[in-house]
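Printed here is run_20.cif (mmCIF, C-alpha atoms and all ligand atoms):
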data_data
#
loop_
_atom_site.label_atom_id
_atom_site.label_comp_id
_atom_site.auth_asym_id
_atom_site.auth_seq_id
_atom_site.Cartn_x
_atom_site.Cartn_y
_atom_site.Cartn_z
CA MET A 1467 0.00 0.00 0.00
CA LYS A 1468 1.29 3.47 -0.85
CA PRO A 1469 1.88 5.67 2.21
CA PRO A 1470 -0.85 8.29 2.62
CA VAL A 1471 0.06 12.01 2.72
CA GLU A 1472 -2.25 14.91 3.54
CA THR A 1473 0.22 17.69 4.34
CA LEU A 1474 2.19 19.22 1.47
CA TYR A 1475 4.84 21.92 1.42
CA VAL A 1476 6.11 23.47 -1.81
CA HIS A 1477 9.37 25.41 -1.66
CA VAL A 1478 9.62 28.22 -4.22
CA PRO A 1479 13.24 29.39 -3.93
CA PHE A 1480 13.11 32.84 -5.56
CA CYS A 1481 13.26 36.32 -4.07
CA THR A 1482 13.58 39.75 -5.66
CA HIS A 1483 16.40 40.52 -3.21
CA LEU A 1484 18.12 38.57 -0.44
CA CYS A 1485 17.74 39.53 3.23
CA PRO A 1486 20.88 39.47 5.42
CA TYR A 1487 19.41 37.24 8.14
CA CYS A 1488 17.83 34.58 5.93
CA ASP A 1489 19.13 31.02 5.71
CA PHE A 1490 16.33 29.46 3.66
CA PRO A 1491 17.30 27.95 0.30
CA LYS A 1492 16.71 30.86 -2.10
CA GLU A 1493 18.19 32.76 -4.99
CA ARG A 1494 17.55 35.94 -6.92
CA LEU A 1495 14.87 35.84 -9.58
CA ALA A 1496 16.16 34.71 -12.96
CA GLY A 1497 13.90 33.69 -15.85
CA ASN A 1498 15.68 30.48 -16.89
CA ARG A 1499 15.97 29.21 -13.30
CA MET A 1500 12.26 29.72 -12.73
CA ARG A 1501 11.48 27.68 -15.82
CA ASP A 1502 13.87 24.95 -14.53
CA PHE A 1503 12.10 25.01 -11.19
CA LEU A 1504 8.64 24.61 -12.71
CA ARG A 1505 9.78 21.73 -14.92
CA GLY A 1506 11.39 20.06 -11.90
CA LEU A 1507 8.29 20.48 -9.79
CA GLN A 1508 6.13 19.01 -12.54
CA ALA A 1509 8.41 15.95 -12.63
CA GLU A 1510 8.51 15.67 -8.86
CA TRP A 1511 4.70 15.82 -8.70
CA ALA A 1512 4.50 12.90 -11.15
CA TRP A 1513 6.84 10.88 -8.90
CA VAL A 1514 4.91 11.82 -5.77
CA GLN A 1515 1.67 10.52 -7.28
CA GLN A 1516 3.30 7.19 -8.09
CA GLU A 1517 4.83 6.74 -4.65
CA PHE A 1518 2.20 8.09 -2.27
CA THR A 1519 -1.54 8.29 -1.89
CA VAL A 1520 -1.87 12.06 -1.82
CA SER A 1521 -5.07 13.68 -0.64
CA PRO A 1522 -4.10 17.28 0.14
CA GLN A 1523 -5.69 18.65 3.30
CA GLN A 1524 -3.21 21.38 4.12
CA VAL A 1525 -0.89 22.84 1.50
CA PHE A 1526 1.74 25.49 2.17
CA PHE A 1527 3.66 27.37 -0.54
CA GLY A 1528 6.71 28.88 1.14
CA GLY A 1529 10.11 30.07 0.11
CA GLY A 1530 11.73 32.17 -1.01
CA THR A 1531 8.79 34.22 -2.16
CA PRO A 1532 6.23 32.28 -4.20
CA THR A 1533 4.55 35.48 -5.38
CA ALA A 1534 7.86 36.82 -6.75
CA LEU A 1535 7.09 34.76 -9.88
CA SER A 1536 5.55 36.69 -12.78
CA PRO A 1537 1.76 36.26 -13.16
CA SER A 1538 2.19 33.78 -16.01
CA LEU A 1539 4.73 31.62 -14.12
CA LEU A 1540 2.64 31.84 -10.96
CA GLN A 1541 -0.31 30.56 -12.96
CA GLU A 1542 1.82 27.62 -14.19
CA LEU A 1543 2.80 26.83 -10.60
CA ILE A 1544 -0.82 26.93 -9.47
CA GLU A 1545 -1.83 24.52 -12.21
CA ILE A 1546 0.79 21.82 -11.57
CA ALA A 1547 -1.33 19.90 -9.06
CA PRO A 1548 -4.82 20.03 -7.57
CA TRP A 1549 -3.65 22.07 -4.58
CA GLY A 1550 -7.06 23.72 -4.35
CA GLN A 1551 -8.64 20.46 -3.11
CA ALA A 1552 -7.05 21.13 0.27
CA LYS A 1553 -9.04 22.46 3.18
CA GLU A 1554 -6.31 25.04 3.72
CA TRP A 1555 -3.92 26.42 1.11
CA THR A 1556 -1.44 29.01 2.32
CA VAL A 1557 0.79 31.08 0.05
CA GLU A 1558 3.62 33.23 1.39
CA ALA A 1559 4.07 36.66 -0.16
CA ASN A 1560 6.11 39.78 0.36
CA PRO A 1561 4.24 43.08 0.47
CA ASP A 1562 6.32 44.48 -2.41
CA GLY A 1563 5.21 43.05 -5.70
CA PHE A 1564 1.90 41.78 -4.34
CA GLY A 1565 -1.11 43.57 -5.77
CA PRO A 1566 -4.64 43.03 -7.14
CA THR A 1567 -3.59 40.84 -10.10
CA LYS A 1568 -1.76 38.18 -8.08
CA ALA A 1569 -4.31 38.38 -5.26
CA ALA A 1570 -7.14 37.67 -7.73
CA MET A 1571 -5.18 34.77 -9.30
CA LEU A 1572 -4.60 33.15 -5.92
CA GLN A 1573 -8.20 33.59 -4.85
CA ALA A 1574 -9.50 32.13 -8.11
CA ALA A 1575 -7.24 29.10 -7.69
CA GLY A 1576 -8.62 28.41 -4.20
CA VAL A 1577 -5.92 29.84 -1.92
CA THR A 1578 -7.47 30.23 1.53
CA ARG A 1579 -4.64 31.92 3.40
CA LEU A 1580 -2.09 34.59 2.53
CA SER A 1581 0.98 34.84 4.75
CA LEU A 1582 2.58 38.27 4.33
CA GLY A 1583 6.23 38.79 5.26
CA VAL A 1584 5.68 42.18 6.88
CA GLN A 1585 8.41 41.78 9.57
CA ALA A 1586 8.28 45.44 10.71
CA PHE A 1587 6.68 48.83 10.10
CA ARG A 1588 9.28 51.34 11.31
CA PRO A 1589 11.53 52.46 8.42
CA GLU A 1590 14.69 51.90 10.52
CA ASP A 1591 13.66 48.31 11.34
CA LEU A 1592 12.80 47.55 7.72
CA ALA A 1593 16.12 49.04 6.55
CA TRP A 1594 18.08 46.95 9.08
CA LEU A 1595 16.28 43.81 7.93
CA GLY A 1596 17.11 44.65 4.32
CA ARG A 1597 13.45 44.91 3.40
CA ARG A 1598 12.31 47.05 0.50
CA HIS A 1599 8.70 47.70 1.46
CA ASP A 1600 7.17 50.41 3.64
CA ARG A 1601 3.94 51.00 5.54
CA ALA A 1602 2.02 52.03 2.44
CA THR A 1603 3.09 48.86 0.59
CA ILE A 1604 2.01 46.69 3.53
CA ARG A 1605 -1.41 48.34 3.70
CA SER A 1606 -1.91 48.06 -0.01
CA ALA A 1607 -0.94 44.34 -0.04
CA VAL A 1608 -3.41 43.60 2.76
CA ALA A 1609 -6.11 45.59 0.94
CA SER A 1610 -5.45 43.66 -2.31
CA ALA A 1611 -5.82 40.31 -0.52
CA ARG A 1612 -9.05 41.46 1.15
CA GLN A 1613 -10.56 42.92 -2.00
CA ALA A 1614 -9.79 39.72 -3.89
CA GLY A 1615 -11.58 37.75 -1.18
CA ILE A 1616 -8.71 35.64 0.17
CA PRO A 1617 -10.32 34.36 3.37
CA GLN A 1618 -7.45 34.51 5.89
CA ILE A 1619 -4.42 36.75 6.32
CA ASN A 1620 -1.33 36.10 8.44
CA LEU A 1621 1.29 38.76 9.13
CA ASP A 1622 4.86 37.68 9.93
CA LEU A 1623 6.76 39.95 12.33
CA ILE A 1624 10.30 39.90 13.74
CA TYR A 1625 11.39 41.28 17.12
CA GLY A 1626 14.65 41.71 19.01
CA LEU A 1627 15.99 44.27 16.49
CA PRO A 1628 18.52 47.02 17.34
CA ASN A 1629 16.98 49.96 19.20
CA GLN A 1630 13.72 48.09 19.58
CA GLY A 1631 12.58 48.19 23.18
CA PRO A 1632 9.10 47.51 24.56
CA THR A 1633 7.69 50.86 23.34
CA GLU A 1634 8.84 50.34 19.75
CA TRP A 1635 7.73 46.70 19.66
CA GLN A 1636 4.36 47.54 21.17
CA SER A 1637 3.76 50.13 18.45
CA THR A 1638 4.69 47.50 15.81
CA LEU A 1639 2.21 45.03 17.29
CA GLU A 1640 -0.49 47.70 17.48
CA GLU A 1641 0.06 48.63 13.84
CA ALA A 1642 -0.18 44.98 12.87
CA CYS A 1643 -3.41 44.52 14.85
CA ALA A 1644 -4.89 47.66 13.25
CA LEU A 1645 -4.76 45.79 9.91
CA LYS A 1646 -7.09 43.18 11.43
CA PRO A 1647 -5.20 40.01 10.44
CA ASP A 1648 -6.58 36.60 11.40
CA HIS A 1649 -3.18 35.34 12.47
CA ILE A 1650 0.19 36.79 13.49
CA SER A 1651 3.52 34.95 13.60
CA ALA A 1652 6.09 36.83 15.71
CA TYR A 1653 9.63 35.45 15.64
CA VAL A 1654 12.70 36.57 17.48
CA ILE A 1655 15.57 37.51 15.15
CA THR A 1656 17.91 34.52 15.00
CA PRO A 1657 21.47 34.74 13.72
CA GLU A 1658 21.74 31.59 11.60
CA ALA A 1659 25.21 30.33 10.73
CA GLY A 1660 26.50 31.44 7.35
CA THR A 1661 24.23 34.50 7.04
CA GLU A 1662 25.33 38.12 6.72
CA LEU A 1663 23.77 38.70 10.15
CA ALA A 1664 26.04 36.06 11.71
CA SER A 1665 29.06 37.78 10.09
CA MET A 1666 27.95 41.14 11.55
CA ILE A 1667 27.95 39.55 14.99
CA GLU A 1668 31.39 38.02 14.40
CA ARG A 1669 32.68 41.46 13.39
CA GLY A 1670 31.24 42.89 16.62
CA GLU A 1671 28.84 45.20 14.80
CA TRP A 1672 25.78 44.01 16.68
CA HIS A 1673 24.79 41.40 19.21
CA PRO A 1674 21.41 40.04 20.29
CA ASP A 1675 20.10 41.20 23.66
CA GLY A 1676 18.59 38.14 25.37
CA GLU A 1677 17.06 40.10 28.22
CA ASN A 1678 15.29 42.49 25.88
CA GLU A 1679 14.11 39.54 23.75
CA SER A 1680 12.51 37.91 26.81
CA LEU A 1681 10.76 41.16 27.69
CA LEU A 1682 9.43 41.55 24.15
CA PHE A 1683 8.33 37.90 24.07
CA LEU A 1684 6.19 38.35 27.21
CA LEU A 1685 4.86 41.66 25.87
CA THR A 1686 3.82 39.92 22.64
CA GLN A 1687 1.73 37.39 24.55
CA ARG A 1688 0.03 40.14 26.58
CA ILE A 1689 -0.72 42.51 23.73
CA LEU A 1690 -1.91 39.95 21.22
CA GLU A 1691 -4.09 38.17 23.78
CA ALA A 1692 -5.63 41.56 24.65
CA HIS A 1693 -6.45 41.91 20.93
CA GLY A 1694 -8.28 38.57 20.91
CA PHE A 1695 -5.50 36.32 19.60
CA ASN A 1696 -4.92 32.91 21.07
CA ALA A 1697 -1.20 32.13 21.67
CA TYR A 1698 -1.48 28.62 20.30
CA GLU A 1699 2.26 28.24 19.87
CA ILE A 1700 5.28 30.16 21.11
CA SER A 1701 5.52 32.28 17.95
CA ASN A 1702 2.01 31.89 16.55
CA PHE A 1703 -1.18 33.74 17.45
CA ALA A 1704 -4.61 33.19 15.92
CA LYS A 1705 -8.09 34.60 16.21
CA PRO A 1706 -10.47 31.80 17.33
CA GLY A 1707 -10.71 29.11 14.65
CA MET A 1708 -7.98 30.71 12.50
CA GLU A 1709 -5.07 28.48 13.59
CA CYS A 1710 -2.85 27.30 10.71
CA LEU A 1711 -3.74 23.67 9.93
CA HIS A 1712 -0.41 23.09 8.18
CA HIS A 1713 1.59 24.20 11.23
CA GLN A 1714 -0.61 22.13 13.53
CA ALA A 1715 -0.14 19.02 11.39
CA ILE A 1716 3.66 19.39 11.57
CA TRP A 1717 3.69 20.10 15.31
CA SER A 1718 1.52 17.09 16.03
CA GLY A 1719 3.98 14.82 14.23
CA GLN A 1720 1.95 14.03 11.10
CA ASP A 1721 3.79 12.94 7.97
CA TYR A 1722 4.44 15.69 5.43
CA LEU A 1723 5.79 15.86 1.94
CA GLY A 1724 8.05 18.74 0.90
CA MET A 1725 8.49 19.45 -2.80
CA GLY A 1726 10.93 21.82 -4.52
CA PRO A 1727 14.65 22.57 -4.00
CA GLY A 1728 15.81 22.05 -0.41
CA ALA A 1729 12.38 20.88 0.79
CA VAL A 1730 12.26 18.32 3.61
CA SER A 1731 9.82 15.39 3.78
CA THR A 1732 9.01 12.92 6.52
CA VAL A 1733 6.89 10.00 5.40
CA ALA A 1734 6.48 6.48 6.78
CA GLY A 1735 9.57 6.62 9.01
CA ARG A 1736 11.87 8.11 6.36
CA ARG A 1737 13.14 11.67 6.18
CA TRP A 1738 14.87 13.27 3.23
CA ARG A 1739 15.88 16.69 1.95
CA ASN A 1740 15.82 17.52 -1.74
CA ILE A 1741 18.99 18.92 -3.25
CA ARG A 1742 19.08 22.71 -2.78
CA ASP A 1743 20.49 23.83 -6.10
CA THR A 1744 17.58 24.64 -8.39
CA GLY A 1745 19.34 23.51 -11.57
CA GLN A 1746 20.39 20.17 -10.10
CA TYR A 1747 16.96 19.73 -8.56
CA ALA A 1748 15.29 20.17 -11.93
CA ARG A 1749 17.76 18.01 -13.87
CA SER A 1750 17.57 15.14 -11.40
CA ALA A 1751 13.78 15.35 -11.08
CA GLU A 1752 13.47 15.03 -14.86
CA THR A 1753 16.06 12.32 -15.46
CA SER A 1754 15.81 10.13 -12.32
CA PRO A 1755 12.83 8.63 -10.57
CA HIS A 1756 12.86 11.55 -8.10
CA PRO A 1757 14.91 14.71 -7.41
CA ASP A 1758 18.31 14.05 -5.81
CA HIS A 1759 18.24 13.94 -2.02
CA GLU A 1760 21.14 15.57 -0.22
CA GLU A 1761 20.15 14.04 3.11
CA GLU A 1762 18.23 10.87 3.80
CA GLU A 1763 17.72 9.03 7.06
CA VAL A 1764 15.48 6.63 8.88
CA CYS A 1765 13.36 8.54 11.33
CA GLY A 1766 12.76 6.09 14.14
CA ALA A 1767 10.30 6.02 17.03
CA GLN A 1768 12.78 7.59 19.46
CA GLU A 1769 13.52 10.49 17.13
CA ARG A 1770 9.80 11.08 16.48
CA ARG A 1771 9.16 11.08 20.24
CA THR A 1772 11.91 13.66 20.80
CA GLU A 1773 10.43 15.87 18.11
CA ARG A 1774 6.93 15.50 19.51
CA ILE A 1775 8.23 16.72 22.88
CA LEU A 1776 10.21 19.61 21.37
CA LEU A 1777 7.33 20.77 19.18
CA GLY A 1778 4.42 19.86 21.47
CA LEU A 1779 5.83 21.79 24.42
CA ARG A 1780 5.79 24.94 22.30
CA THR A 1781 2.04 24.67 21.73
CA SER A 1782 -0.88 25.66 23.94
CA LEU A 1783 -2.06 22.02 23.82
CA GLY A 1784 1.17 20.90 25.48
CA LEU A 1785 1.82 17.19 25.81
CA ALA A 1786 -0.24 14.23 26.94
CA GLU A 1787 1.22 13.15 30.28
CA GLU A 1788 1.53 9.56 29.08
CA THR A 1789 4.20 10.82 26.64
CA LEU A 1790 6.21 11.92 29.69
CA GLN A 1791 6.09 8.76 31.77
CA GLY A 1792 9.14 8.41 34.01
CA HIS A 1793 9.56 12.17 34.42
CA GLU A 1794 7.26 12.62 37.46
CA ILE A 1795 9.87 14.35 39.63
CA CYS A 1796 10.88 16.68 36.84
CA LEU A 1797 7.24 17.62 36.10
CA ALA A 1798 6.61 18.38 39.79
CA GLU A 1799 9.72 20.57 39.83
CA LEU A 1800 8.64 22.45 36.70
CA VAL A 1801 5.18 23.09 38.20
CA GLN A 1802 6.77 24.26 41.44
CA LYS A 1803 9.03 26.71 39.58
CA GLY A 1804 5.99 28.15 37.80
CA TRP A 1805 7.25 27.02 34.39
CA GLY A 1806 4.53 24.46 33.75
CA ARG A 1807 1.08 23.32 34.81
CA ARG A 1808 -0.92 20.12 34.58
CA GLN A 1809 -4.41 20.14 33.24
CA ASP A 1810 -6.77 17.32 32.15
CA GLY A 1811 -3.99 14.78 31.73
CA ARG A 1812 -1.74 17.19 29.83
CA PHE A 1813 1.40 19.12 30.73
CA LEU A 1814 1.54 22.72 29.50
CA LEU A 1815 4.12 25.46 29.75
CA THR A 1816 3.24 28.79 31.37
CA PRO A 1817 4.40 32.01 29.61
CA ARG A 1818 7.52 31.95 31.80
CA GLY A 1819 8.09 28.30 30.92
CA ARG A 1820 7.70 29.11 27.21
CA LEU A 1821 10.70 31.40 27.54
CA ARG A 1822 12.69 28.29 28.42
CA ALA A 1823 10.95 25.77 26.17
CA ASP A 1824 14.17 24.28 24.79
CA GLU A 1825 15.67 23.89 28.27
CA VAL A 1826 12.49 22.19 29.53
CA ALA A 1827 12.42 19.90 26.50
CA THR A 1828 15.99 18.80 27.24
CA MET A 1829 14.89 17.87 30.78
CA LEU A 1830 12.00 15.77 29.46
CA ILE A 1831 13.66 13.91 26.59
S1 LIG B 1 12.26 37.53 1.31
FE1 LIG B 1 12.09 35.85 2.83
S2 LIG B 1 12.94 34.06 1.83
FE2 LIG B 1 13.58 35.85 0.62
S3 LIG B 1 15.59 36.35 1.39
FE3 LIG B 1 14.13 37.60 2.53
S4 LIG B 1 13.62 36.38 4.37
FE4 LIG B 1 14.62 35.00 2.89
#
What is this structure when it is put down as structure tokens?
Ligand code: SF4
Amino acid sequence: MKPPVETLYVHVPFCTHLCPYCDFPKERLAGNRMRDFLRGLQAEWAWVQQEFTVSPQQVFFGGGTPTALSPSLLQELIEIAPWGQAKEWTVEANPDGFGPTKAAMLQAAGVTRLSLGVQAFRPEDLAWLGRRHDRATIRSAVASARQAGIPQINLDLIYGLPNQGPTEWQSTLEEACALKPDHISAYVITPEAGTELASMIERGEWHPDGENESLLFLLTQRILEAHGFNAYEISNFAKPGMECLHHQAIWSGQDYLGMGPGAVSTVAGRRWRNIRDTGQYARSAETSPHPDHEEEEVCGAQERRTERILLGLRTSLGLAEETLQGHEICLAELVQKGWGRRQDGRFLLTPRGRLRADEVATMLI
């Protein structure tokens, strides 16, 4: 029997410009590479259908910037597979370059959720992040999505930036809420190895301020909850019923299939990562049974359990206590410290515990 898959991720590795903190597989837009990518994805989709029983329930187009493709190439991408059968179909977009034409195309294809990479509103924050948009572009992108009738909108934000204390971050959150999104993802800036940001830190030009980050994290919970968002994961906040099904499927340990250069899949106890280079991805997808994998491993029960703990602890659902058998003393200690609480057979982190989620996970693995 072919393994069933309901959660799909498609990695579109193109951006109009490259941000200094980003470590996702991506490259600048170039016409021939985009054609390669689409041909490769077509071939990979054919392989996927042979190997798996795919009934898309939650589909996520990430990147890169899927909407950086021209309208005609975006249309080709949309038509490669019946993505629109899914209950939820998210497409990531940047505010610059996203207007009524692309919004209408996505809506007509059945996209249910637009995830906008807003990141910040203050010009100095946007400049530091290497972003090209401004407030007006953000507002106009949100308006285009609304006018086209895309049902849900997420705004991505980043905190922990230079000269960003509680007052500045609060004003960013208030500006985001004023746009009435259904969902907000707020991530702390993270210096990933090999990025320009990591080099800046090595050169001593900037360094993250952990204390400020903790303050802003707790502020985020307070402000967004006051605006009616549910903090259903450490970095993710949703209006009631607007939680991202794709994220929830991954956090709960469901199998998922990643397509496109650099995409990761975990299906039936196997995990693999597609080759990152777009040209090699396309060539191998077209000439071999499937795109080349640069990593491949067996993903055993112990590894899946570890991931369930790491990911589950970050969510408002927490973990079923039976997952944590043998850790009674540790759980009691975490409750006593005010980092966790027990409720209806589950163990959940408090806001203070969420600040130390990785440390707690290490204690429970
Ligand atoms: S737009 Fe997004 S994917 Fe592209 S470089 Fe910037 S952060 Fe990375």
Compile the contact shell of Met1571 in chain A as a VMD selection string: residues with an atom at most 9 Å away, counting all atoms listed in the file, same-chain residues fewer than 2 positions apart removed.
-> chain A and resid 1537 1540 to 1541 1544 1566 to 1569 1573 to 1577 1614
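With distances taken over only C-alpha atoms and all ligand atoms, A:Asp1562 is the one residue among A:Glu1510, A:Asp1562, A:Asp1758, A:Glu1545 lying closest to ligand LIG 1 (chain B).
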Distance query 8 Å from (9.1, 40.4, 10.6) using only C-alpha atoms, result as a short mmCIF file (atom, residue, chain, number, x, y, z; two decimals) with C-alpha atoms, in the coordinates of the input:
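Dumped to out25.cif:
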data_model
loop_
_atom_site.label_atom_id
_atom_site.label_comp_id
_atom_site.auth_asym_id
_atom_site.auth_seq_id
_atom_site.Cartn_x
_atom_site.Cartn_y
_atom_site.Cartn_z
CA GLY A 1583 6.23 38.79 5.26
CA VAL A 1584 5.68 42.18 6.88
CA GLN A 1585 8.41 41.78 9.57
CA ALA A 1586 8.28 45.44 10.71
CA ASP A 1622 4.86 37.68 9.93
CA LEU A 1623 6.76 39.95 12.33
CA ILE A 1624 10.30 39.90 13.74
CA TYR A 1625 11.39 41.28 17.12
CA ALA A 1652 6.09 36.83 15.71
CA TYR A 1653 9.63 35.45 15.64
#
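Separating CA of Tyr1698 in chain A from CA of Leu1684 in chain A is a distance of 14.2 Å.
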How close does each residue of chain A get to ligand LIG 1 (chain B), giving the shortest atom pair and distance in Å to one decimal for every residue with an atom at most 8 Å away, counting all atoms listed in the file, sorted by chain and residue number, as JSON lines?
{"residue": "A:Pro1479", "atom": "CA", "partner": "B:LIG1", "partner_atom": "S2", "distance": 7.4}
{"residue": "A:Phe1480", "atom": "CA", "partner": "B:LIG1", "partner_atom": "FE2", "distance": 6.9}
{"residue": "A:Cys1481", "atom": "CA", "partner": "B:LIG1", "partner_atom": "FE2", "distance": 4.7}
{"residue": "A:Thr1482", "atom": "CA", "partner": "B:LIG1", "partner_atom": "FE2", "distance": 7.4}
{"residue": "A:His1483", "atom": "CA", "partner": "B:LIG1", "partner_atom": "S3", "distance": 6.3}
{"residue": "A:Leu1484", "atom": "CA", "partner": "B:LIG1", "partner_atom": "S3", "distance": 3.8}
{"residue": "A:Cys1485", "atom": "CA", "partner": "B:LIG1", "partner_atom": "FE3", "distance": 4.2}
{"residue": "A:Pro1486", "atom": "CA", "partner": "B:LIG1", "partner_atom": "S3", "distance": 7.3}
{"residue": "A:Tyr1487", "atom": "CA", "partner": "B:LIG1", "partner_atom": "S4", "distance": 7.0}
{"residue": "A:Cys1488", "atom": "CA", "partner": "B:LIG1", "partner_atom": "FE4", "distance": 4.4}
{"residue": "A:Asp1489", "atom": "CA", "partner": "B:LIG1", "partner_atom": "FE4", "distance": 6.6}
{"residue": "A:Phe1490", "atom": "CA", "partner": "B:LIG1", "partner_atom": "FE4", "distance": 5.8}
{"residue": "A:Pro1491", "atom": "CA", "partner": "B:LIG1", "partner_atom": "S2", "distance": 7.7}
{"residue": "A:Lys1492", "atom": "CA", "partner": "B:LIG1", "partner_atom": "S2", "distance": 6.3}
{"residue": "A:Glu1493", "atom": "CA", "partner": "B:LIG1", "partner_atom": "S3", "distance": 7.8}
{"residue": "A:Gly1529", "atom": "CA", "partner": "B:LIG1", "partner_atom": "S2", "distance": 5.2}
{"residue": "A:Gly1530", "atom": "CA", "partner": "B:LIG1", "partner_atom": "S2", "distance": 3.6}
{"residue": "A:Thr1531", "atom": "CA", "partner": "B:LIG1", "partner_atom": "S2", "distance": 5.8}
{"residue": "A:Asn1560", "atom": "CA", "partner": "B:LIG1", "partner_atom": "S1", "distance": 6.6}
{"residue": "A:Gly1583", "atom": "CA", "partner": "B:LIG1", "partner_atom": "FE1", "distance": 7.0}
{"residue": "A:Gly1596", "atom": "CA", "partner": "B:LIG1", "partner_atom": "FE3", "distance": 7.9}
{"residue": "A:Arg1597", "atom": "CA", "partner": "B:LIG1", "partner_atom": "FE3", "distance": 7.4}
Could you dump the residues just selected with C-alpha atoms as a compact mmCIF listing (two decimals), keeping the file's coordinate frame?
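Output contents, as saved in out31.txt:
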# COMPACT_ATOMS: atom_id res chain seq x y z
CA PRO A 1479 13.24 29.39 -3.93
CA PHE A 1480 13.11 32.84 -5.56
CA CYS A 1481 13.26 36.32 -4.07
CA THR A 1482 13.58 39.75 -5.66
CA HIS A 1483 16.40 40.52 -3.21
CA LEU A 1484 18.12 38.57 -0.44
CA CYS A 1485 17.74 39.53 3.23
CA PRO A 1486 20.88 39.47 5.42
CA TYR A 1487 19.41 37.24 8.14
CA CYS A 1488 17.83 34.58 5.93
CA ASP A 1489 19.13 31.02 5.71
CA PHE A 1490 16.33 29.46 3.66
CA PRO A 1491 17.30 27.95 0.30
CA LYS A 1492 16.71 30.86 -2.10
CA GLU A 1493 18.19 32.76 -4.99
CA GLY A 1529 10.11 30.07 0.11
CA GLY A 1530 11.73 32.17 -1.01
CA THR A 1531 8.79 34.22 -2.16
CA ASN A 1560 6.11 39.78 0.36
CA GLY A 1583 6.23 38.79 5.26
CA GLY A 1596 17.11 44.65 4.32
CA ARG A 1597 13.45 44.91 3.40
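Compared by their closest atoms to Leu1504 in chain A, and using all atoms listed in the file, the residues A:Gly1719, A:Gly1615, A:Gly1811, A:Gly1745 rank with A:Gly1745 nearest.
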Got a sec: who's within 9 Å of range 1687-1697 of chain A, counting all atoms listed in the file, leaving out chain neighbours fewer than 2 positions off, as an MDAnalysis selection string?
-> chainID A and resid 1636 1639:1640 1643 1648:1650 1682:1685 1699:1706 1709 1781:1782 1817
If the box runs along x, y and z of the file and leaves 3 Å on each side of range 1731-1747 of chain A, what are its centre and edge lengths in Å, one decimal, as JSON?
{"center_x": 13.5, "center_y": 15.6, "center_z": -1.3, "size_x": 20.0, "size_y": 24.2, "size_z": 26.6}
Could I get range 1781-1792 of chain A rebuilt with N, CA and C atoms, written as a CSV table (one decimal), in the frame of the given file?
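Final output, selection.csv:
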chain,number,residue,atom,x,y,z
A,1781,THR,N,3.4,24.4,22.1
A,1781,THR,CA,2.0,24.7,21.7
A,1781,THR,C,1.2,24.8,23.0
A,1782,SER,N,0.0,25.5,22.8
A,1782,SER,CA,-0.9,25.7,23.9
A,1782,SER,C,-1.6,24.3,24.3
A,1783,LEU,N,-1.5,23.3,23.5
A,1783,LEU,CA,-2.1,22.0,23.8
A,1783,LEU,C,-1.1,21.2,24.7
A,1784,GLY,N,0.2,21.6,24.7
A,1784,GLY,CA,1.2,20.9,25.5
A,1784,GLY,C,1.3,19.4,25.1
A,1785,LEU,N,1.6,18.6,26.1
A,1785,LEU,CA,1.8,17.2,25.8
A,1785,LEU,C,0.9,16.3,26.7
A,1786,ALA,N,0.5,15.2,26.1
A,1786,ALA,CA,-0.2,14.2,26.9
A,1786,ALA,C,0.7,13.7,28.0
A,1787,GLU,N,0.3,13.6,29.2
A,1787,GLU,CA,1.2,13.2,30.3
A,1787,GLU,C,1.8,11.7,30.0
A,1788,GLU,N,1.0,10.9,29.3
A,1788,GLU,CA,1.5,9.6,29.1
A,1788,GLU,C,2.8,9.6,28.2
A,1789,THR,N,3.0,10.7,27.4
A,1789,THR,CA,4.2,10.8,26.6
A,1789,THR,C,5.4,11.0,27.6
A,1790,LEU,N,5.1,11.5,28.8
A,1790,LEU,CA,6.2,11.9,29.7
A,1790,LEU,C,6.4,11.0,30.9
A,1791,GLN,N,5.9,9.7,30.7
A,1791,GLN,CA,6.1,8.8,31.8
A,1791,GLN,C,7.6,8.6,32.2
A,1792,GLY,N,7.8,8.5,33.5
A,1792,GLY,CA,9.1,8.4,34.0
A,1792,GLY,C,9.8,9.8,34.4
